[in-house]
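I have placed the structure first, in the form of structure tokens, so that the comments after it can refer back to it.
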Amino acid sequence: MIPDELERLEQTAMSMVVQALTDYRQQAVTIFREETDSPQDIAEDVTREALEMMGVSGWNERLYGKVDYKKAVYIFLPTTYPAALMLDSKAEKPNGDRTATIQMSQTSMRVKMLRSGSEVDEPGGLEPVITRGGRSLYVVTIIAKYVYEEITDGQELRRLIVSCIPNGLLQQRYNPDSNNGIWLAGRNAPSRGEDFRVRLSYRLLSKQAPWRVQEIELLKE
């Protein structure tokens with residue numbers, strides 16, 4: 001698959017997820033306000049329920065990866081391509097609404113960046129293309145970010161931001177070297193031996209491709 005076609009595949013998958021969450025946004029606000037589970041658990045439930053309510057074209061195939069929602073799907077361009085949809089949900093308070101923190105197991109891209117004056121080049125933990133049941137599936141990684149505030153009886157959902165991390169086959173377009181990329185330093189401490197993490201910058205990513213970062217407008221009651 002050529003890079004432009006892979007971009008269209010990811011954009012189509014992104015559109016599907018954004019539509020599902022847009023259709024479910026009012027329920028999402030209510031669930032955050034009324035549920036007593038942790039915000040992270042609520043976010044995962046909302047994402048799964050939104051995708052299940054809309055329904056997606058796919059088949060039963062077990063996928064592996066440290067994301068909340070994993071599904072083998074068909075993407076129509078109109079040529080049909082099998083894809084591995086890797087959709088992760090994150091719940092954070094407003095001071096974290098400019099980035100999404102990810103583990104390296106949640107991206108197929110290498111992370112090339114400068115950190116504390118040194119060059120970093122960390123491989124992603126996902127393959128850009130995985131094989132299941134004789135099919136080659138292009139990996140599409142999407143992050144749904146639920147920004148909430150605590151209120152007296154629960155949580156109030158303030159923002160819902162969806163972002164699509166480029167497939168590793170698009171490395172040269174989005175992160176060819178440490179001076180050109182989409183990443184910010186993560187919230188891990190190498191001095192304490194914590195696993196490497198990185199933050200996806202919404203500003204840097206949307207500067208290269210505006211469709212890759214979309215905020216869903218929440219309905220006012």
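Chain labels run A, B, ... following the order of the structure tokens; each chain numbers its residues from 1, and ligands are numbered from 1 in the order shown.
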Name all residues at most 9 Å from region 125-129 of chain A (count only C-alpha atoms; drop same-chain ones fewer than 3 positions away) and give them as a list in words.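 Residues near the query, excluding close chain neighbours: Gly65, Ala83, Ala84, Gln103, Met104, Ser105, Gln106, Thr107, Ser108, Met109, Arg110, Ser136, Leu137, Tyr138, Val139, Val140, Asn167, Gly168 and Leu169 of chain A.
Those residues that approach Pro94 (chain A) to within 9 Å, counting only C-alpha atoms, are Val147, Tyr148, Glu149, Arg158 and Arg159 of chain A; same-chain residues fewer than 5 positions away are not listed.
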Selection export as an mmCIF file, in the first residue's frame, atoms kept: N, CA and C atoms:
```cif
data_model
loop_
_atom_site.group_PDB
_atom_site.id
_atom_site.type_symbol
_atom_site.label_atom_id
_atom_site.label_comp_id
_atom_site.auth_asym_id
_atom_site.auth_seq_id
_atom_site.Cartn_x
_atom_site.Cartn_y
_atom_site.Cartn_z
ATOM 1 N N VAL A 147 -11.656 14.259 29.013
ATOM 2 C CA VAL A 147 -11.191 15.262 29.985
ATOM 3 C C VAL A 147 -12.349 15.571 30.926
ATOM 4 N N TYR A 148 -12.162 15.347 32.222
ATOM 5 C CA TYR A 148 -13.250 15.466 33.193
ATOM 6 C C TYR A 148 -12.826 16.281 34.408
ATOM 7 N N GLU A 149 -13.824 16.740 35.133
ATOM 8 C CA GLU A 149 -13.597 17.393 36.423
ATOM 9 C C GLU A 149 -14.432 16.694 37.476
ATOM 10 N N ARG A 158 -15.873 17.206 30.373
ATOM 11 C CA ARG A 158 -15.696 18.551 29.822
ATOM 12 C C ARG A 158 -15.296 18.540 28.347
ATOM 13 N N ARG A 159 -14.449 17.615 27.962
ATOM 14 C CA ARG A 159 -13.976 17.575 26.570
ATOM 15 C C ARG A 159 -13.788 16.123 26.153
#
```
Skip Ile161 (chain A) itself and residues of its chain fewer than 3 positions away, then list as a PyMOL selection string all residues within 9 Å of it, counting only C-alpha atoms. chain A and resi 97+143-147+213-216
Residues flagged helix (DSSP H, G or I) by DSSP in region 22-132 of chain A, as an MDAnalysis selection string: chainID A and resid 22:23 25:34 39:54 94:96 104:106
Near Ile142 (chain A), counting only C-alpha atoms, which residues have an atom at most 7 Å away, once you skip same-chain residues fewer than 6 positions from it, shown as a PyMOL selection string? chain A and resi 86-88+163-165
Would you mind exporting N, CA, C and O atoms of the selected residues as a compact mmCIF listing (two decimals), in the first residue's frame?
```txt
# COMPACT_ATOMS: atom_id res chain seq x y z
N MET A 86 -6.90 -0.47 16.82
CA MET A 86 -6.40 -0.42 18.19
C MET A 86 -6.85 0.90 18.79
O MET A 86 -6.31 1.96 18.47
N LEU A 87 -7.87 0.84 19.64
CA LEU A 87 -8.50 2.05 20.17
C LEU A 87 -8.34 2.08 21.68
O LEU A 87 -8.86 1.22 22.39
N ASP A 88 -7.61 3.09 22.16
CA ASP A 88 -7.37 3.19 23.60
C ASP A 88 -8.10 4.40 24.17
O ASP A 88 -8.23 5.43 23.52
N SER A 163 -7.69 11.26 18.65
CA SER A 163 -6.48 11.44 17.84
C SER A 163 -6.07 10.12 17.22
O SER A 163 -6.32 9.05 17.78
N CYS A 164 -5.44 10.20 16.05
CA CYS A 164 -5.00 9.02 15.32
C CYS A 164 -3.48 9.08 15.16
O CYS A 164 -2.95 9.97 14.48
N ILE A 165 -2.78 8.15 15.79
CA ILE A 165 -1.32 8.08 15.69
C ILE A 165 -0.96 7.45 14.35
O ILE A 165 -1.48 6.40 14.00
```
Residues within 9 Å of region 194-208 of chain A, please, as a VMD selection string. Count only C-alpha atoms; anything in the same chain fewer than 2 positions from it doesn't count. chain A and resid 97 to 104 111 122 163 to 165 173 to 174 181 to 192 210 to 214
I need the residues from that last selection saved to file as a compact mmCIF listing (two decimals), in the first residue's frame (with N, CA, C and O atoms), if you can.
```txt
# COMPACT_ATOMS: atom_id res chain seq x y z
N ASP A 97 -4.97 18.08 28.81
CA ASP A 97 -5.79 18.03 27.60
C ASP A 97 -5.09 18.54 26.34
O ASP A 97 -5.74 18.73 25.31
N ARG A 98 -3.78 18.72 26.41
CA ARG A 98 -3.04 19.12 25.21
C ARG A 98 -2.22 17.98 24.61
O ARG A 98 -1.65 18.11 23.54
N THR A 99 -2.17 16.87 25.34
CA THR A 99 -1.39 15.71 24.90
C THR A 99 -2.10 14.43 25.30
O THR A 99 -3.04 14.45 26.09
N ALA A 100 -1.62 13.32 24.75
CA ALA A 100 -2.07 11.99 25.17
C ALA A 100 -0.83 11.17 25.49
O ALA A 100 0.05 11.01 24.65
N THR A 101 -0.74 10.68 26.71
CA THR A 101 0.40 9.87 27.11
C THR A 101 0.19 8.43 26.67
O THR A 101 -0.86 7.85 26.94
N ILE A 102 1.18 7.87 25.99
CA ILE A 102 1.06 6.50 25.52
C ILE A 102 2.28 5.68 25.94
O ILE A 102 3.37 6.23 26.19
N GLN A 103 2.09 4.38 26.01
CA GLN A 103 3.18 3.44 26.18
C GLN A 103 3.69 3.05 24.80
O GLN A 103 2.96 3.14 23.81
N MET A 104 4.91 2.56 24.74
CA MET A 104 5.46 2.17 23.44
C MET A 104 4.72 0.96 22.86
O MET A 104 4.76 0.73 21.66
N VAL A 111 9.77 6.34 18.09
CA VAL A 111 9.75 7.66 18.70
C VAL A 111 11.14 8.25 18.60
O VAL A 111 12.07 7.79 19.25
N GLU A 122 13.27 5.22 20.07
CA GLU A 122 12.66 4.06 20.69
C GLU A 122 11.70 3.39 19.70
O GLU A 122 10.85 4.05 19.11
N SER A 163 -7.69 11.26 18.65
CA SER A 163 -6.48 11.44 17.84
C SER A 163 -6.07 10.12 17.22
O SER A 163 -6.32 9.05 17.78
N CYS A 164 -5.44 10.20 16.05
CA CYS A 164 -5.00 9.02 15.32
C CYS A 164 -3.48 9.08 15.16
O CYS A 164 -2.95 9.97 14.48
N ILE A 165 -2.78 8.15 15.79
CA ILE A 165 -1.32 8.08 15.69
C ILE A 165 -0.96 7.45 14.35
O ILE A 165 -1.48 6.40 14.00
N ARG A 173 7.07 10.60 7.02
CA ARG A 173 6.19 11.75 6.89
C ARG A 173 6.04 12.51 8.20
O ARG A 173 5.95 13.74 8.22
N TYR A 174 5.98 11.79 9.30
CA TYR A 174 5.59 12.41 10.56
C TYR A 174 6.72 12.54 11.58
O TYR A 174 6.65 13.39 12.46
N GLY A 181 8.99 15.96 14.50
CA GLY A 181 8.15 14.88 15.01
C GLY A 181 6.86 15.37 15.62
O GLY A 181 6.45 16.52 15.45
N ILE A 182 6.24 14.48 16.38
CA ILE A 182 4.92 14.73 16.96
C ILE A 182 4.90 14.44 18.46
O ILE A 182 3.84 14.38 19.07
N TRP A 183 6.09 14.28 19.05
CA TRP A 183 6.18 13.78 20.42
C TRP A 183 6.70 14.83 21.40
O TRP A 183 7.48 15.72 21.05
N LEU A 184 6.31 14.67 22.67
CA LEU A 184 6.86 15.41 23.79
C LEU A 184 7.30 14.39 24.85
O LEU A 184 6.81 13.25 24.85
N ALA A 185 8.18 14.79 25.73
CA ALA A 185 8.68 13.87 26.76
C ALA A 185 7.54 13.34 27.60
O ALA A 185 6.61 14.06 27.97
N GLY A 186 7.61 12.05 27.91
CA GLY A 186 6.56 11.40 28.70
C GLY A 186 6.73 11.62 30.18
O GLY A 186 7.70 12.23 30.63
N ARG A 187 5.77 11.07 30.92
CA ARG A 187 5.78 11.26 32.37
C ARG A 187 6.44 10.07 33.08
O ARG A 187 5.95 9.58 34.09
N ASN A 188 7.53 9.59 32.53
CA ASN A 188 8.27 8.52 33.20
C ASN A 188 9.60 9.07 33.68
O ASN A 188 10.10 10.06 33.14
N ALA A 189 10.17 8.42 34.68
CA ALA A 189 11.45 8.84 35.24
C ALA A 189 12.50 7.77 34.95
O ALA A 189 12.52 6.74 35.63
N PRO A 190 13.36 7.98 33.95
CA PRO A 190 14.39 6.98 33.65
C PRO A 190 15.28 6.67 34.85
O PRO A 190 15.75 5.55 35.01
N SER A 191 15.50 7.68 35.72
CA SER A 191 16.37 7.48 36.88
C SER A 191 15.80 6.45 37.85
O SER A 191 16.53 5.84 38.62
N ARG A 192 14.49 6.23 37.80
CA ARG A 192 13.85 5.24 38.67
C ARG A 192 13.55 3.94 37.94
O ARG A 192 12.86 3.07 38.49
N PRO A 210 -4.46 18.04 10.08
CA PRO A 210 -5.53 18.49 11.00
C PRO A 210 -6.56 17.41 11.31
O PRO A 210 -7.10 17.39 12.43
N TRP A 211 -6.83 16.51 10.38
CA TRP A 211 -7.86 15.50 10.62
C TRP A 211 -7.46 14.50 11.69
O TRP A 211 -8.33 13.80 12.24
N ARG A 212 -6.18 14.42 12.02
CA ARG A 212 -5.71 13.44 13.00
C ARG A 212 -6.03 13.82 14.45
O ARG A 212 -5.85 13.00 15.36
N VAL A 213 -6.46 15.03 14.69
CA VAL A 213 -6.88 15.45 16.04
C VAL A 213 -8.23 16.14 15.91
O VAL A 213 -8.34 17.18 15.26
N GLN A 214 -9.27 15.54 16.50
CA GLN A 214 -10.60 16.12 16.40
C GLN A 214 -11.25 16.14 17.78
O GLN A 214 -11.19 15.15 18.52
```
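Between CA of Glu217 (chain A) and CA of Leu160 (chain A) the interatomic distance comes to 7.5 Å.
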For Asp153 (chain A), which of A:Gln27, A:Thr79, A:Leu218, A:Glu35 is the closest residue, counting only C-alpha atoms?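 Of all the options, A:Glu35 lies closest to Asp153 (chain A).
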Just the residues within 12 Å of Thr80 (chain A), please, counting only C-alpha atoms, with nothing from its chain fewer than 2 positions along; format it as an MDAnalysis selection string. chainID A and resid 5 9 12 57:58 73:78 82:83 137:138
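Here CA of Ala20 (chain A) and CA of Asn175 (chain A) stand 29.1 Å from one another.
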Go through A:Ile31, A:Ala209, A:Asn179, A:Glu49 one by one, measure the shortest atom-to-atom distance of each to Ser118 (chain A) using only C-alpha atoms, and give the residue with the smallest value. A:Asn179
Pick from A:Gln155, A:Asn180, A:Thr131, A:Ser116: nearest to Ala72 (chain A), with only C-alpha atoms counted?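 Comparing A:Gln155, A:Asn180, A:Thr131, A:Ser116 against Ala72 (chain A), the winner is A:Thr131.
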Please identify the strand (DSSP E) residues within region 13-221 of chain A (assignment by DSSP from backbone atoms) and present them as a ChimeraX atom specification. /A:58-59,69-76,80-92,99-103,111-115,118-122,129-132,135-151,154-165,183-185,197-201,213-216
